[in-house]
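Below you'll find the structure, written out as structure tokens, and then a few comments.
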Amino acid sequence: MSRKLTDNQINTLQIVFRFRFVTARNLADTQHIDRSTAFTTLEKLYRQGYLGKHYDSSYHLTHKHAKYYLTEQTINMLRTLSESGIPTHIWKNRIRDKSRSNEFIEHQVALHAAYNAVHTKLAPNAAIQLAFERTDRDNIVTPPPDLIITPNEGTPFFVDITDDQPLFLVKKRIRRYIRHFDDGEWDWVSYPTVNLVRTSSSVERTNLRTYIDARMDEAYLDESDITIHVISSISRIAVP
């Protein structure tokens with residue numbers, strides 16, 4: 001790690017910091033470059049010790065992509081370069097990324113892909129934040145949504161990626177949103193629309209929609225109070 005990094009390499013490492021686990025495909029979409037260039041960039045940083053990599057022979061057989069993450073030395077280096085006031089616990093969490101579960105890793109990869117899709121659809125007419133980038137935690141459900149999207153005009157809206165979660169956890173999340181609305185611990189003119197992305201099964205999406213209707217009825221709420229969509233693709237997000 002003694003070589004001087006180029007501005008493009010530092011930018012790549014900052015993208016990996018932001019999304020935690022990065023594939024060549026997602027990096028290519030973020031940087032608007034071809035996938036072979038993205039792969040070459042990631043592999044070079046991996047060989048130089050700036051990145052770790054999750055990959056084994058089964059990935060080739062199942063057409064899965066290698067997932068790259070920051071090494072501890074790189075995290076410490078980026079921390080010295082950072083001027084954004086990122087809290088200490090965020091940096092410490094990144095150091096543990098080398099031992100994350102497959103489910104966690106796949107969620108981060110899906111989140112990065114979703115971010116790219118939303119950015120393509122809405123930029124520059126909206127700001128898109130990841131959960132850790134949201135500083136106003138008192139005004140938002142806990143834990144924060146995967147994506148907080150704030151149009152240049154209008155109310156923010158939320159996106160949660162749920163494919164890696166069992167239904168009982170998604171239902172728990174739905175109850176959290178309804179409770180957060182009901183508690184009044186927010187100060188928007190109207191509550192942000194919630195988009196739960198569930199690509200895996202139309203049966204599961206129907207199940208979740210039925211569950212939302214039942215919980216809303218129990219709380220004497222309707223869509224004029226809080227709207228929770230269950231969608232099959234990030235491209236179907238409901239923009240208020």
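Letters A, B, ... mark the chains of the structure tokens in the order given; residue numbers begin at 1 per chain; ligand numbers begin at 1, in order shown.
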Could you list, with a cut-off of 7 Å and counting only C-alpha atoms, the residues of stretch 11-77 of chain A near stretch 111-119 of chain A, each shown with its nearest atom pair and the distance in Å rounded to one decimal, rows sorted by chain and ascending number, as a tab-separated table?
residue	atom	partner	partner_atom	distance
A:Phe19	CA	A:His112	CA	6.1
A:Asn26	CA	A:Ala113	CA	5.9
A:Asp29	CA	A:Asn116	CA	6.6
A:Thr30	CA	A:Asn116	CA	6.1
Those residues with C-alpha atoms, as a short mmCIF file (atom, residue, chain, number, x, y, z; two decimals), in the first residue's frame please?
data_model
loop_
_atom_site.label_atom_id
_atom_site.label_comp_id
_atom_site.auth_asym_id
_atom_site.auth_seq_id
_atom_site.Cartn_x
_atom_site.Cartn_y
_atom_site.Cartn_z
CA PHE A 19 -21.83 0.96 -0.17
CA ASN A 26 -22.48 -1.81 -9.65
CA ASP A 29 -23.12 1.83 -13.20
CA THR A 30 -22.12 4.32 -10.49
#
- [ ] Output as a ChimeraX atom specification all residues of stretch 29-97 of chain A that backbone DSSP marks as strand (DSSP E).
- [x] /A:51-54,67-70
Task: Members of stretch 42-185 of chain A assigned helix (DSSP H, G or I) by DSSP, as number ranges by chain - done: A: 42-47, 57-61, 72-81, 88-99, 102-122, 131-133, 137-139, 167-183
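Going from atom CA of A:Ala214 over to atom CA of A:Lys172, you cover 13.4 Å.
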Just the residues within 9 Å of stretch 75-84 of chain A, please, counting only C-alpha atoms, with nothing from its chain fewer than 6 positions along; format it as a CSV table (one decimal) with N, CA and C atoms, in the first residue's frame.
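part_28.csv was written with the following content:
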chain,number,residue,atom,x,y,z
A,10,ILE,N,-9.0,6.8,-5.4
A,10,ILE,CA,-9.5,7.3,-4.2
A,10,ILE,C,-11.0,7.4,-4.2
A,13,LEU,N,-12.5,3.9,-3.9
A,13,LEU,CA,-12.4,3.5,-2.5
A,13,LEU,C,-13.5,4.2,-1.6
A,14,GLN,N,-13.8,5.4,-1.9
A,14,GLN,CA,-14.9,6.2,-1.2
A,14,GLN,C,-16.2,5.6,-1.6
A,17,PHE,N,-16.5,2.5,0.4
A,17,PHE,CA,-16.8,2.9,1.8
A,17,PHE,C,-18.3,3.1,1.9
A,50,TYR,N,-5.6,-2.7,-0.9
A,50,TYR,CA,-6.6,-1.7,-0.4
A,50,TYR,C,-8.0,-2.3,-0.3
A,91,TRP,N,-17.0,4.2,11.2
A,91,TRP,CA,-15.7,3.7,10.8
A,91,TRP,C,-15.5,2.3,11.5
A,92,LYS,N,-15.8,2.1,12.7
A,92,LYS,CA,-15.6,0.9,13.4
A,92,LYS,C,-16.4,-0.2,12.8
A,94,ARG,N,-17.3,-0.5,9.7
A,94,ARG,CA,-16.7,-0.9,8.4
A,94,ARG,C,-15.5,-1.9,8.6
A,95,ILE,N,-14.8,-1.8,9.7
A,95,ILE,CA,-13.7,-2.7,10.0
A,95,ILE,C,-14.2,-4.1,10.1
Open item on the list: Which residues are close to A:Asp164, i.e. within 10 Å by only C-alpha atoms, leaving aside same-chain residues fewer than 5 positions away? Reply as a list in words.
Closed with: Asn102, Glu103, Phe104, Ile105, Glu106, His107, Ala110, Val170, Arg198 and Ser200 of chain A
Please provide the set of residues having any atom within 12 Å of A:Asn207, restricted to only C-alpha atoms, with same-chain residues fewer than 2 positions apart removed, written as a short mmCIF file (atom, residue, chain, number, x, y, z; two decimals) with all heavy atoms, in the first residue's frame.
data_model
loop_
_atom_site.label_atom_id
_atom_site.label_comp_id
_atom_site.auth_asym_id
_atom_site.auth_seq_id
_atom_site.Cartn_x
_atom_site.Cartn_y
_atom_site.Cartn_z
N LEU A 167 -40.45 -12.94 5.88
CA LEU A 167 -41.66 -12.13 5.92
C LEU A 167 -41.95 -11.57 7.31
O LEU A 167 -42.44 -10.43 7.43
CB LEU A 167 -42.86 -12.96 5.45
CG LEU A 167 -43.02 -13.14 3.93
CD1 LEU A 167 -44.24 -13.99 3.65
CD2 LEU A 167 -43.13 -11.80 3.23
N PHE A 168 -41.64 -12.33 8.36
CA PHE A 168 -41.98 -11.83 9.70
C PHE A 168 -41.19 -10.57 10.03
O PHE A 168 -41.69 -9.69 10.75
CB PHE A 168 -41.79 -12.92 10.77
CG PHE A 168 -40.38 -13.15 11.21
CD1 PHE A 168 -39.84 -12.44 12.28
CD2 PHE A 168 -39.57 -14.09 10.57
CE1 PHE A 168 -38.54 -12.66 12.70
CE2 PHE A 168 -38.28 -14.31 10.99
CZ PHE A 168 -37.75 -13.60 12.06
N VAL A 170 -40.17 -8.33 7.70
CA VAL A 170 -40.77 -7.27 6.89
C VAL A 170 -42.05 -6.77 7.55
O VAL A 170 -42.32 -5.57 7.58
CB VAL A 170 -41.05 -7.76 5.45
CG1 VAL A 170 -41.58 -6.60 4.60
CG2 VAL A 170 -39.79 -8.34 4.83
N LYS A 171 -42.82 -7.68 8.10
CA LYS A 171 -44.06 -7.29 8.79
C LYS A 171 -43.74 -6.48 10.05
O LYS A 171 -44.46 -5.51 10.38
CB LYS A 171 -44.88 -8.53 9.13
CG LYS A 171 -45.47 -9.21 7.89
CD LYS A 171 -46.23 -10.48 8.23
CE LYS A 171 -46.82 -11.10 6.97
NZ LYS A 171 -47.57 -12.35 7.25
N ARG A 198 -39.87 -5.91 -3.00
CA ARG A 198 -39.91 -7.38 -2.80
C ARG A 198 -40.01 -8.02 -4.18
O ARG A 198 -41.09 -8.18 -4.75
CB ARG A 198 -41.12 -7.76 -1.95
CG ARG A 198 -41.11 -9.22 -1.46
CD ARG A 198 -40.19 -9.38 -0.29
NE ARG A 198 -40.18 -10.72 0.27
CZ ARG A 198 -39.48 -11.07 1.33
NH1 ARG A 198 -38.74 -10.17 1.96
NH2 ARG A 198 -39.49 -12.31 1.78
N SER A 201 -41.41 -12.79 -5.03
CA SER A 201 -42.63 -13.58 -5.17
C SER A 201 -43.86 -12.69 -5.16
O SER A 201 -44.05 -11.88 -4.25
CB SER A 201 -42.73 -14.60 -4.03
OG SER A 201 -44.01 -15.14 -3.92
N SER A 202 -44.73 -12.86 -6.16
CA SER A 202 -45.98 -12.11 -6.18
C SER A 202 -46.90 -12.53 -5.04
O SER A 202 -47.66 -11.72 -4.51
CB SER A 202 -46.69 -12.32 -7.53
OG SER A 202 -47.00 -13.68 -7.73
N VAL A 203 -46.81 -13.80 -4.63
CA VAL A 203 -47.60 -14.29 -3.50
C VAL A 203 -47.20 -13.57 -2.22
O VAL A 203 -48.05 -13.15 -1.42
CB VAL A 203 -47.44 -15.82 -3.34
CG1 VAL A 203 -48.13 -16.31 -2.06
CG2 VAL A 203 -48.00 -16.55 -4.56
N GLU A 204 -45.88 -13.41 -2.04
CA GLU A 204 -45.40 -12.69 -0.85
C GLU A 204 -45.82 -11.22 -0.88
O GLU A 204 -46.18 -10.65 0.16
CB GLU A 204 -43.88 -12.81 -0.74
CG GLU A 204 -43.41 -14.21 -0.38
CD GLU A 204 -41.91 -14.30 -0.26
OE1 GLU A 204 -41.20 -13.38 -0.74
OE2 GLU A 204 -41.44 -15.30 0.31
N ARG A 205 -45.77 -10.61 -2.05
CA ARG A 205 -46.19 -9.21 -2.14
C ARG A 205 -47.67 -9.06 -1.79
O ARG A 205 -48.06 -8.13 -1.07
CB ARG A 205 -45.90 -8.66 -3.55
CG ARG A 205 -44.42 -8.46 -3.83
CD ARG A 205 -44.19 -7.64 -5.09
NE ARG A 205 -44.62 -8.33 -6.30
CZ ARG A 205 -43.88 -9.19 -6.99
NH1 ARG A 205 -42.66 -9.49 -6.56
NH2 ARG A 205 -44.33 -9.76 -8.09
N ARG A 209 -49.24 -6.89 1.29
CA ARG A 209 -50.26 -5.85 1.08
C ARG A 209 -51.49 -6.10 1.95
O ARG A 209 -52.07 -5.17 2.52
CB ARG A 209 -50.65 -5.79 -0.40
CG ARG A 209 -49.54 -5.25 -1.30
CD ARG A 209 -49.91 -5.32 -2.76
NE ARG A 209 -48.79 -4.94 -3.61
CZ ARG A 209 -48.37 -5.64 -4.66
NH1 ARG A 209 -48.98 -6.78 -4.99
NH2 ARG A 209 -47.35 -5.22 -5.38
N THR A 210 -51.88 -7.37 2.05
CA THR A 210 -53.01 -7.72 2.91
C THR A 210 -52.69 -7.40 4.37
O THR A 210 -53.54 -6.88 5.11
CB THR A 210 -53.34 -9.22 2.77
OG1 THR A 210 -53.66 -9.50 1.40
CG2 THR A 210 -54.50 -9.61 3.66
N TYR A 211 -51.46 -7.67 4.75
CA TYR A 211 -51.02 -7.40 6.13
C TYR A 211 -51.06 -5.89 6.41
O TYR A 211 -51.51 -5.46 7.48
CB TYR A 211 -49.62 -7.94 6.35
CG TYR A 211 -49.12 -7.81 7.77
CD1 TYR A 211 -49.51 -8.73 8.73
CD2 TYR A 211 -48.29 -6.76 8.14
CE1 TYR A 211 -49.07 -8.61 10.05
CE2 TYR A 211 -47.85 -6.63 9.44
CZ TYR A 211 -48.25 -7.56 10.40
OH TYR A 211 -47.80 -7.43 11.69
N ILE A 212 -50.58 -5.09 5.46
CA ILE A 212 -50.59 -3.64 5.62
C ILE A 212 -52.02 -3.15 5.80
O ILE A 212 -52.31 -2.35 6.71
CB ILE A 212 -49.94 -2.96 4.41
CG1 ILE A 212 -48.43 -3.23 4.39
CG2 ILE A 212 -50.20 -1.45 4.43
CD1 ILE A 212 -47.75 -2.87 3.08
N ASP A 213 -52.94 -3.61 4.97
CA ASP A 213 -54.34 -3.18 5.07
C ASP A 213 -54.92 -3.52 6.45
O ASP A 213 -55.62 -2.69 7.06
CB ASP A 213 -55.18 -3.87 3.99
CG ASP A 213 -54.86 -3.35 2.60
OD1 ASP A 213 -54.26 -2.27 2.49
OD2 ASP A 213 -55.22 -4.04 1.62
N ALA A 214 -54.60 -4.71 6.96
CA ALA A 214 -55.13 -5.13 8.26
C ALA A 214 -54.57 -4.27 9.38
O ALA A 214 -55.31 -3.85 10.29
CB ALA A 214 -54.80 -6.61 8.50
N VAL A 230 -45.85 -2.00 -1.64
CA VAL A 230 -45.00 -3.18 -1.82
C VAL A 230 -44.81 -3.33 -3.32
O VAL A 230 -45.79 -3.56 -4.05
CB VAL A 230 -45.63 -4.45 -1.21
CG1 VAL A 230 -44.69 -5.65 -1.38
CG2 VAL A 230 -45.95 -4.23 0.27
#
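With only C-alpha atoms as the atoms that count, the minimum distance from A:Arg20 to the choices A:His89, A:Arg236, A:Arg175, A:Lys98 is reached by A:Lys98.
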